[in-house]
Amino acid sequence: MTSIGRYMCEHVFSLLDDYLDRELTSEQIVKVQEHLKTCQECAGEYQFEAQIIRSVREKIAKIDLPASLLERVTKALAAAQLK
């Protein structure tokens, strides 16, 4: 395992979920990307996790949802915002 700048593999591994979910700061994103360019092990883990997310999204897209679901979710979100 390698390190680049201040980010070591352990730190990058702990940030991968947030990186995939686009929940990192711009600075964190740059540092993770720099690390992934130089560390084959972390890049492999990233590719593995990214593939799982892609597969889940593809499967979800194929599910037929009831027409009333959007309305129910919208109402539930509106009610939650009022609380």
# chains A, B, ... in the order shown; residues from 1 in each chain; ligands from 1

call {"tool": "select_by_dssp", "arguments": {"residues": "chain A", "states": "helix (DSSP H, G or I)", "output": "VMD selection string"}}
result
chain A and resid 9 to 20 26 to 38 40 to 61 68 to 82

call {"tool": "select_by_dssp", "arguments": {"residues": "chain A", "states": "strand (DSSP E or B)", "output": "JSON, numbers by chain"}}
result
{"A": [3, 4, 7, 8]}

call {"tool": "atom_distance", "arguments": {"atom1": "CA of Leu20 (chain A)", "atom2": "CA of Ser55 (chain A)"}}
result
13.8 Å

call {"tool": "closest_residue", "arguments": {"among": "A:Tyr7, A:Tyr19, A:Phe13, A:Phe48", "to": "Lys31 (chain A)", "atoms": "only C-alpha atoms"}}
result
A:Tyr7

call {"tool": "atom_distance", "arguments": {"atom1": "CA of Leu15 (chain A)", "atom2": "CA of Ile52 (chain A)"}}
result
16.4 Å

call {"tool": "atom_distance", "arguments": {"atom1": "CA of Glu34 (chain A)", "atom2": "CA of Val56 (chain A)"}}
result
26.9 Å

call {"tool": "residues_around", "arguments": {"residues": "Leu16 (chain A)", "least_positions_apart": "6", "cutoff": "9 Å", "atoms": "only C-alpha atoms", "output": "list of chain:residue names"}}
result
A:Val32, A:Glu45, A:Tyr46, A:Glu49

call {"tool": "decode", "arguments": {"residues": "chain A", "atoms": "C-alpha atoms", "output": "mmCIF file, in the first residue's frame"}}
result
data_model
loop_
_atom_site.group_PDB
_atom_site.id
_atom_site.type_symbol
_atom_site.label_atom_id
_atom_site.label_comp_id
_atom_site.auth_asym_id
_atom_site.auth_seq_id
_atom_site.Cartn_x
_atom_site.Cartn_y
_atom_site.Cartn_z
ATOM 1 C CA MET A 1 0.000 0.000 0.000
ATOM 2 C CA THR A 2 1.158 3.501 -0.758
ATOM 3 C CA SER A 3 0.453 7.027 0.283
ATOM 4 C CA ILE A 4 0.358 10.281 -1.621
ATOM 5 C CA GLY A 5 0.293 13.652 0.036
ATOM 6 C CA ARG A 6 -1.509 13.238 3.295
ATOM 7 C CA TYR A 7 -3.802 10.401 2.237
ATOM 8 C CA MET A 8 -2.731 6.858 2.970
ATOM 9 C CA CYS A 9 -4.543 3.734 1.820
ATOM 10 C CA GLU A 10 -6.420 3.304 5.085
ATOM 11 C CA HIS A 11 -7.759 6.841 4.801
ATOM 12 C CA VAL A 12 -8.773 6.398 1.160
ATOM 13 C CA PHE A 13 -10.525 3.106 1.985
ATOM 14 C CA SER A 14 -12.492 4.911 4.706
ATOM 15 C CA LEU A 15 -13.539 7.605 2.199
ATOM 16 C CA LEU A 16 -14.484 5.382 -0.755
ATOM 17 C CA ASP A 17 -18.193 5.177 0.087
ATOM 18 C CA ASP A 18 -18.450 8.951 0.444
ATOM 19 C CA TYR A 19 -16.373 9.396 -2.718
ATOM 20 C CA LEU A 20 -18.726 7.129 -4.665
ATOM 21 C CA ASP A 21 -21.720 8.971 -3.208
ATOM 22 C CA ARG A 22 -20.156 12.346 -4.128
ATOM 23 C CA GLU A 23 -20.236 13.492 -0.517
ATOM 24 C CA LEU A 24 -16.632 14.701 -0.198
ATOM 25 C CA THR A 25 -15.283 18.213 -0.385
ATOM 26 C CA SER A 26 -13.524 19.302 -3.568
ATOM 27 C CA GLU A 27 -10.173 19.019 -1.795
ATOM 28 C CA GLN A 28 -10.921 15.493 -0.596
ATOM 29 C CA ILE A 29 -12.035 14.444 -4.077
ATOM 30 C CA VAL A 30 -8.774 15.647 -5.599
ATOM 31 C CA LYS A 31 -6.697 13.830 -2.973
ATOM 32 C CA VAL A 32 -8.627 10.588 -3.365
ATOM 33 C CA GLN A 33 -8.319 10.793 -7.165
ATOM 34 C CA GLU A 34 -4.578 11.423 -6.893
ATOM 35 C CA HIS A 35 -4.208 8.416 -4.626
ATOM 36 C CA LEU A 36 -6.297 6.185 -6.904
ATOM 37 C CA LYS A 37 -4.026 7.088 -9.838
ATOM 38 C CA THR A 38 -0.973 5.779 -7.984
ATOM 39 C CA CYS A 39 -2.278 2.900 -5.862
ATOM 40 C CA GLN A 40 -3.387 -0.202 -7.718
ATOM 41 C CA GLU A 41 -4.881 -1.828 -4.626
ATOM 42 C CA CYS A 42 -7.113 1.142 -3.770
ATOM 43 C CA ALA A 43 -8.030 1.654 -7.433
ATOM 44 C CA GLY A 44 -9.087 -1.991 -7.590
ATOM 45 C CA GLU A 45 -11.272 -1.617 -4.514
ATOM 46 C CA TYR A 46 -12.803 1.536 -6.000
ATOM 47 C CA GLN A 47 -13.568 -0.257 -9.282
ATOM 48 C CA PHE A 48 -15.126 -3.171 -7.382
ATOM 49 C CA GLU A 49 -17.386 -0.919 -5.304
ATOM 50 C CA ALA A 50 -18.296 1.249 -8.313
ATOM 51 C CA GLN A 51 -19.303 -1.875 -10.270
ATOM 52 C CA ILE A 52 -21.582 -3.011 -7.447
ATOM 53 C CA ILE A 53 -23.310 0.371 -7.449
ATOM 54 C CA ARG A 54 -23.717 0.280 -11.246
ATOM 55 C CA SER A 55 -25.204 -3.223 -11.054
ATOM 56 C CA VAL A 56 -27.676 -2.232 -8.348
ATOM 57 C CA ARG A 57 -28.738 0.868 -10.320
ATOM 58 C CA GLU A 58 -29.277 -1.235 -13.450
ATOM 59 C CA LYS A 59 -31.403 -3.745 -11.536
ATOM 60 C CA ILE A 60 -33.443 -1.024 -9.839
ATOM 61 C CA ALA A 61 -34.119 0.643 -13.181
ATOM 62 C CA LYS A 62 -35.754 -2.578 -14.395
ATOM 63 C CA ILE A 63 -38.245 -2.752 -11.523
ATOM 64 C CA ASP A 64 -41.777 -1.679 -12.407
ATOM 65 C CA LEU A 65 -43.090 0.534 -9.631
ATOM 66 C CA PRO A 66 -46.731 1.270 -8.932
ATOM 67 C CA ALA A 67 -47.884 4.564 -10.425
ATOM 68 C CA SER A 68 -49.050 5.724 -6.991
ATOM 69 C CA LEU A 69 -45.585 5.349 -5.442
ATOM 70 C CA LEU A 70 -44.287 8.753 -6.551
ATOM 71 C CA GLU A 71 -47.355 10.453 -5.128
ATOM 72 C CA ARG A 72 -47.018 8.626 -1.793
ATOM 73 C CA VAL A 73 -43.306 9.430 -1.528
ATOM 74 C CA THR A 74 -43.913 13.082 -2.420
ATOM 75 C CA LYS A 75 -46.611 13.370 0.250
ATOM 76 C CA ALA A 76 -44.410 11.674 2.849
ATOM 77 C CA LEU A 77 -41.511 14.022 2.093
ATOM 78 C CA ALA A 78 -43.785 17.065 2.294
ATOM 79 C CA ALA A 79 -45.158 15.867 5.640
ATOM 80 C CA ALA A 80 -41.651 15.248 6.971
ATOM 81 C CA GLN A 81 -40.582 18.780 6.027
ATOM 82 C CA LEU A 82 -43.478 20.252 8.009
ATOM 83 C CA LYS A 83 -42.316 18.579 11.219
#
